[in-house]
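Novice: Shown below is the structure under consideration.
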Number of protein chains: 2
Amino acid sequence: MAKAAPVSPLAPKSIPEIPPIEGVRFAAGEAGVRYKGRTDVMLALLDEGSRVAGVFTKSKCSSAPVDWCRARVGSGKARAVLVNSGNANAFTGKAGKDAVKLSAKLAAAAAGVPERQVFLASTGVIGEPLDASKFEPVLPKLVAKAEPEGWLEAARAIMTTDTYPKLSTRTAKIDGIETRIAGFAKGAGMIAPDMATMLAFVFTDAAIGSEALQTLLSRSVRGSFNAITVDSDTSTSDTLLLFATGAAARRGAPEIERASDRRLAEFRAALDEVLLDLAHQVVKDGEGARKFVEIIVDGAENDRAAKRIALSIANSPLVKTAIAGEDANWGRVVMAVGKAGEQADRDRLSIWFGDVRVAYKGLRDPSYDEAAVSEIMKRPEIKLRVDLALGAGSSTVWTCDLTKEYVAINGDYRS
Amino acid sequence: MAKAAPVSPLAPKSIPEIPPIEGVRFAAGEAGVRYKGRTDVMLALLDEGSRVAGVFTKSKCSSAPVDWCRARVGSGKARAVLVNSGNANAFTGKAGKDAVKLSAKLAAAAAGVPERQVFLASTGVIGEPLDASKFEPVLPKLVAKAEPEGWLEAARAIMTTDTYPKLSTRTAKIDGIETRIAGFAKGAGMIAPDMATMLAFVFTDAAIGSEALQTLLSRSVRGSFNAITVDSDTSTSDTLLLFATGAAARRGAPEIERASDRRLAEFRAALDEVLLDLAHQVVKDGEGARKFVEIIVDGAENDRAAKRIALSIANSPLVKTAIAGEDANWGRVVMAVGKAGEQADRDRLSIWFGDVRVAYKGLRDPSYDEAAVSEIMKRPEIKLRVDLALGAGSSTVWTCDLTKEYVAINGDYRS
């Protein structure tokens, strides 16, 4: 469990420095949930008046903390976030609900905030009861030491088999006033042995009402966290929370209640960038990943069809193993287009690896240069584009290759 | 390509002896499509009056021979089947259509039958033109030497990376007269490097009209060929053809025109058995397969929901790698149930590996014996059962594990 794996070869060259965001403080500690000698609990404290929006796993077997957050996010108000690693508190029945209630109660008491404004997430082993009483001695210490600079420690405390902490930040002007967005994420979905969860927490000092915040978040995940896949397996715990402290209002930023407010244009773009950066970092830490793959589908009947086709390619074990083998196997891409169930015409289909067109109008491109495409396939980041030549629908998704290391990590650990 | 791999450890202990079926003869030969020193073309000749039914890939990019068969199967009449290995004639555009036309023309001329009653299938590399003129010198020889005993040679000629030929037979009485069903199949879907195709050809001497035959076949595949998965990848070429020569009528068997005819009860059961046997053999030859897994889902809202959940489990890379690692990882089964998108209640779910219940009503079963389940996971054939406790829907599907050998076979062959 959580044995030290070498850092993914696709990891960013350096970890970004995250400046403070007014109105939020972080602390990390050791609750001893499962791991020894590392932090496994993270507390974020938010100033009064902070707003929250969230998106969660679509799994019908969602974890107890997901159920807790989903029931409370509608209120739009948040004062604290408590996250532990080592135990996902998923598939734990009534004991799981009790653990969630106790966690919220303890965090609320330590921080002096209402229980219903405490948000929770857990990541780690499924099916084992979480002993929330372990948080009791740790929480007062976390409250005492929470500080605006605690980003990296927070990001590290929520890691399971992640090989590097994932952080991102951007600035955006709203009506001429600078605001900041920053966040961190962990773990590529159901990727780690026994580990469940993609978690991401993003914070801004912008003053945005919770309904607008929810709309911004729901839109922004479409092209980021909902456009990545490592192995098509959806965790029971996926949680993405976006918090707005509103502190920028004291510096003159407007209070914005509508997502369509034109003053949000720059903010929206910055939010998209932060979420996309974090989502890419999650894929680049997919277990056994050696290649980061961007899949672009153009010319589909509509955008929805384009996305289904792109995900069909991204999730195909045969496409993923071909990329691991540095093989520009466009026959398998055709197969994956065909099985997606969307409109496709073999005789119009064109396929590119990088900028080399390997198939054109249903046939091997007669002019394609095998040496050029071999060069492209050796790169750590590969672009695969499909043009269906049927309509204006398009979509981009990101995935990684399927390697023997993936199977070893997920299958061999008992042998 | 087609390098000799060791025979799958899940292969049947012996290859069944198939007795002749009156009205059909087989021959195999070497056309040199791609392979050297092995047969790569199979011709089956059917007596006049033979009927045919077929089911085909749902891929939107189906191969040229699939398009040919689909356009002709409605007539219900068949006199010959020509199948080659080494080239799938898929994604070959107009050249593919021309190759199909030429193949049918050559086979029809050699056999002295109408072109429209020649059925075709191809398996092998995708995207390369098939040179059908290679069949010209071979076909007259095949017609001359076709014999009722040629089953095994026919089954071998259509293999690509299959590690053993797949044959099956049963008898069934119709109105007191014995009839026979026998067939052969190849290759687990999009499993082999660059190879596309699951092909199966089944023959009977029963006298059954083509509409009834189609109904029987469409029903029977639901629980057999449409209930198996190796890696969720659907080939562009999947073809299953069922031929009825009607020769049993000369021995007094009735001519049957309705699938619901009660005299077909025994025949229907025998057909189900032949298709299921062949389908299982295909899974047991899945690339890198070391475990054959039966997945039973009970208690779903309805049968359709049960099947979607069963396939979600069967196609989950995390479930498949856990089985490869001999790990009874029920947390991953919960995950796969949750992501299927069908109704499921975590707190009602129970899961068994073999006869050991590992999870009960949403929690680890307190009485479960780790040693007993470890024993079960070491077996080559494993039963995994899920009870949703919601309704009466149930479904069974079959799959294999996901091993490093799968990745090696499909990814490493260029390196």
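Residues are referred to by chain and number: the chain letter is A, B, ... according to the order shown in the structure tokens, the number counts from 1 in that chain, and ligands are numbered separately from 1 in the order shown.
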Within 9 Å of Val138 in chain A, counting only C-alpha atoms, which residues show up once you throw out same-chain ones fewer than 4 positions away? Write them as a compact mmCIF listing (two decimals) with C-alpha atoms, in the first residue's frame, please.
Specialist:
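As written to disk, result.txt reads:
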```
# COMPACT_ATOMS: atom_id res chain seq x y z
CA GLY A 29 -1.53 16.39 9.94
CA GLU A 30 -1.11 12.73 10.78
CA ALA A 31 -4.26 11.00 11.98
CA VAL A 41 -5.52 14.53 6.83
CA LYS A 134 -8.87 9.36 14.96
CA LEU A 142 -4.91 21.73 12.50
CA VAL A 143 -7.20 24.65 13.33
```
Novice: Just want the 9 Å neighbourhood of range 337-348 of chain A, counted on only C-alpha atoms, with same-chain residues fewer than 3 positions away dropped. Output as an NGL selection string.
Specialist: (:A and (300-301 or 305-306 or 308-313 or 332-334 or 360-363 or 386-390)) or (:B and (57-62 or 91-94 or 233-236))
Novice: Report as an MDAnalysis selection string: the residues of range 192-322 of chain A with a DSSP assignment of alpha helix (DSSP H), based on the backbone of this structure.
Specialist: chainID A and resid 210:222 265:284 303:315 317:322
Novice: Quick one: write out the picked residues with C-alpha atoms as a PDB file, in the first residue's frame?
Specialist:
```pdb
ATOM      1  CA  SER A 210     -23.121  30.052  -5.165  1.00  0.00           C
ATOM      2  CA  GLU A 211     -25.585  29.527  -8.022  1.00  0.00           C
ATOM      3  CA  ALA A 212     -23.323  31.313 -10.465  1.00  0.00           C
ATOM      4  CA  LEU A 213     -20.379  29.380  -9.046  1.00  0.00           C
ATOM      5  CA  GLN A 214     -22.189  26.087  -9.638  1.00  0.00           C
ATOM      6  CA  THR A 215     -22.981  27.035 -13.230  1.00  0.00           C
ATOM      7  CA  LEU A 216     -19.369  28.071 -13.886  1.00  0.00           C
ATOM      8  CA  LEU A 217     -18.081  24.814 -12.391  1.00  0.00           C
ATOM      9  CA  SER A 218     -20.529  22.531 -14.202  1.00  0.00           C
ATOM     10  CA  ARG A 219     -19.632  24.172 -17.510  1.00  0.00           C
ATOM     11  CA  SER A 220     -15.917  24.095 -16.909  1.00  0.00           C
ATOM     12  CA  VAL A 221     -15.697  20.390 -15.976  1.00  0.00           C
ATOM     13  CA  ARG A 222     -17.169  19.383 -19.342  1.00  0.00           C
ATOM     14  CA  ALA A 265     -15.087  36.428 -19.145  1.00  0.00           C
ATOM     15  CA  GLU A 266     -11.477  36.448 -17.976  1.00  0.00           C
ATOM     16  CA  PHE A 267     -12.326  34.572 -14.776  1.00  0.00           C
ATOM     17  CA  ARG A 268     -14.107  31.850 -16.718  1.00  0.00           C
ATOM     18  CA  ALA A 269     -11.086  31.362 -18.949  1.00  0.00           C
ATOM     19  CA  ALA A 270      -8.756  31.237 -15.939  1.00  0.00           C
ATOM     20  CA  LEU A 271     -11.006  28.708 -14.185  1.00  0.00           C
ATOM     21  CA  ASP A 272     -11.000  26.564 -17.330  1.00  0.00           C
ATOM     22  CA  GLU A 273      -7.216  26.698 -17.357  1.00  0.00           C
ATOM     23  CA  VAL A 274      -6.819  25.693 -13.713  1.00  0.00           C
ATOM     24  CA  LEU A 275      -9.248  22.765 -14.062  1.00  0.00           C
ATOM     25  CA  LEU A 276      -7.674  21.611 -17.318  1.00  0.00           C
ATOM     26  CA  ASP A 277      -4.174  21.834 -15.856  1.00  0.00           C
ATOM     27  CA  LEU A 278      -5.204  19.760 -12.828  1.00  0.00           C
ATOM     28  CA  ALA A 279      -7.085  17.244 -14.993  1.00  0.00           C
ATOM     29  CA  HIS A 280      -4.045  16.804 -17.233  1.00  0.00           C
ATOM     30  CA  GLN A 281      -1.842  16.301 -14.190  1.00  0.00           C
ATOM     31  CA  VAL A 282      -4.203  13.541 -13.026  1.00  0.00           C
ATOM     32  CA  VAL A 283      -3.917  11.738 -16.385  1.00  0.00           C
ATOM     33  CA  LYS A 284      -0.145  12.155 -16.422  1.00  0.00           C
ATOM     34  CA  ASP A 303     -20.522  17.594 -30.109  1.00  0.00           C
ATOM     35  CA  ARG A 304     -22.118  14.843 -28.020  1.00  0.00           C
ATOM     36  CA  ALA A 305     -21.430  12.254 -30.732  1.00  0.00           C
ATOM     37  CA  ALA A 306     -17.866  13.565 -31.068  1.00  0.00           C
ATOM     38  CA  LYS A 307     -17.280  13.102 -27.338  1.00  0.00           C
ATOM     39  CA  ARG A 308     -18.672   9.544 -27.329  1.00  0.00           C
ATOM     40  CA  ILE A 309     -16.382   8.649 -30.218  1.00  0.00           C
ATOM     41  CA  ALA A 310     -13.387  10.330 -28.576  1.00  0.00           C
ATOM     42  CA  LEU A 311     -14.003   8.428 -25.322  1.00  0.00           C
ATOM     43  CA  SER A 312     -14.476   5.169 -27.237  1.00  0.00           C
ATOM     44  CA  ILE A 313     -11.004   5.678 -28.725  1.00  0.00           C
ATOM     45  CA  ALA A 314      -9.533   6.819 -25.403  1.00  0.00           C
ATOM     46  CA  ASN A 315     -10.907   3.805 -23.524  1.00  0.00           C
ATOM     47  CA  PRO A 317      -7.517  -1.273 -24.631  1.00  0.00           C
ATOM     48  CA  LEU A 318      -6.289  -2.014 -28.149  1.00  0.00           C
ATOM     49  CA  VAL A 319      -5.684   1.653 -28.996  1.00  0.00           C
ATOM     50  CA  LYS A 320      -4.002   2.186 -25.618  1.00  0.00           C
ATOM     51  CA  THR A 321      -1.713  -0.824 -25.923  1.00  0.00           C
ATOM     52  CA  ALA A 322      -0.797   0.188 -29.493  1.00  0.00           C
TER      53      ALA A 322
END
```
Novice: Could you tell me which of A:Asn410, A:Gly127, A:Val24, A:Arg385 comes closest to Asp231 in chain A if we count only C-alpha atoms?
Specialist: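 Looking only at the distances to Asp231 in chain A, the closest residue turns out to be A:Asn410.
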Novice: Please indicate the distance in Å from CA of Leu240 in chain B to CA of Ala200 in chain B, rounded to one decimal place.
Specialist: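 Between CA of Leu240 in chain B and CA of Ala200 in chain B the gap is 4.7 Å.
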Novice: Considering only C-alpha atoms, can you say which of A:Ser367, A:Asn89, A:Thr204, A:Ser75 comes closest to Phe243 in chain A?
Specialist: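 For Phe243 in chain A, the nearest of the given residues is A:Thr204.
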Novice: Determine which residues of range 88-255 of chain A DSSP labels as strand (DSSP E or B) from the backbone of this structure, then write them out as a PyMOL selection string.
Specialist: chain A and resi 118-125+147+166-174+177-186+195-196+199-204+208+228+239-244
Novice: Which is closest to Leu46 in chain A among A:Asp261, A:Glu147, A:Glu255, A:Glu294, if we use only C-alpha atoms?
Specialist: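 For Leu46 in chain A, the nearest of the given residues is A:Glu147.
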Novice: Measure the distance from CA of Trp151 in chain B to CA of Ile126 in chain B in Å and round it to one decimal.
Specialist: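 Going from CA of Trp151 in chain B over to CA of Ile126 in chain B, I get 26.6 Å.
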Novice: Extract, using only C-alpha atoms, all DNA, RNA and protein residues at most 12 Å from Ile208 in chain A, discarding same-chain residues fewer than 6 positions from it, and format them as a ChimeraX atom specification.
Specialist: /A:49-53,76-77,174,179,214-217,242-249,253-261,263-264,267-268
Novice: Nearest to chain A among B:Trp330, B:Trp352, B:Phe135, B:Trp398, with distances taken over only C-alpha atoms: which residue is it?
Specialist: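 Closest candidate: B:Trp330.
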Novice: Tell me, as an mmCIF file with N, CA and C atoms, in the first residue's frame, which residues lie within 7 Å of Ser8 in chain A, counting only C-alpha atoms; anything in the same chain fewer than 2 positions away does not count.
Specialist:
```cif
data_model
loop_
_atom_site.group_PDB
_atom_site.id
_atom_site.type_symbol
_atom_site.label_atom_id
_atom_site.label_comp_id
_atom_site.auth_asym_id
_atom_site.auth_seq_id
_atom_site.Cartn_x
_atom_site.Cartn_y
_atom_site.Cartn_z
ATOM 1 N N PRO A 6 8.309 5.302 -8.406
ATOM 2 C CA PRO A 6 9.054 6.394 -9.035
ATOM 3 C C PRO A 6 8.074 7.419 -9.609
ATOM 4 N N LEU A 10 5.829 11.551 -16.905
ATOM 5 C CA LEU A 10 5.036 12.624 -17.509
ATOM 6 C C LEU A 10 4.786 13.784 -16.536
ATOM 7 N N ALA A 11 5.328 13.685 -15.324
ATOM 8 C CA ALA A 11 5.098 14.723 -14.309
ATOM 9 C C ALA A 11 5.625 16.072 -14.787
ATOM 10 N N THR A 163 2.111 9.905 -7.626
ATOM 11 C CA THR A 163 3.574 9.988 -7.533
ATOM 12 C C THR A 163 4.072 11.422 -7.416
ATOM 13 N N ASP A 285 -0.424 11.176 -14.228
ATOM 14 C CA ASP A 285 -0.021 10.329 -13.111
ATOM 15 C C ASP A 285 -0.839 9.028 -13.124
#
```
Novice: Applying 9 Å and only C-alpha atoms, which residues near Arg79 in chain A remain after dropping the ones on its own chain fewer than 2 positions away? List them as a ChimeraX atom specification.
Specialist: /A:44-51,77,81,108,111,113-114,117-119
Novice: Would you put the residues from that selection into a file with C-alpha atoms, as a PDB file, in the first residue's frame?
Specialist:
```pdb
ATOM      1  CA  ALA A  44      -9.091  23.957   4.847  1.00  0.00           C
ATOM      2  CA  LEU A  45     -10.739  26.781   6.777  1.00  0.00           C
ATOM      3  CA  LEU A  46     -12.801  29.365   4.915  1.00  0.00           C
ATOM      4  CA  ASP A  47     -13.796  32.818   6.123  1.00  0.00           C
ATOM      5  CA  GLU A  48     -17.429  33.550   6.840  1.00  0.00           C
ATOM      6  CA  GLY A  49     -19.472  34.263   3.729  1.00  0.00           C
ATOM      7  CA  SER A  50     -17.584  31.773   1.540  1.00  0.00           C
ATOM      8  CA  ARG A  51     -19.569  30.114  -1.236  1.00  0.00           C
ATOM      9  CA  LYS A  77     -22.264  28.021   2.097  1.00  0.00           C
ATOM     10  CA  VAL A  81     -13.179  21.128   4.220  1.00  0.00           C
ATOM     11  CA  ALA A 108     -17.198  21.927  13.313  1.00  0.00           C
ATOM     12  CA  ALA A 111     -13.164  25.216  13.942  1.00  0.00           C
ATOM     13  CA  VAL A 113     -18.336  26.622  12.461  1.00  0.00           C
ATOM     14  CA  PRO A 114     -21.739  25.032  11.684  1.00  0.00           C
ATOM     15  CA  GLN A 117     -20.950  24.023   6.395  1.00  0.00           C
ATOM     16  CA  VAL A 118     -18.238  21.385   6.763  1.00  0.00           C
ATOM     17  CA  PHE A 119     -17.431  19.540   3.537  1.00  0.00           C
TER      18      PHE A 119
END
```
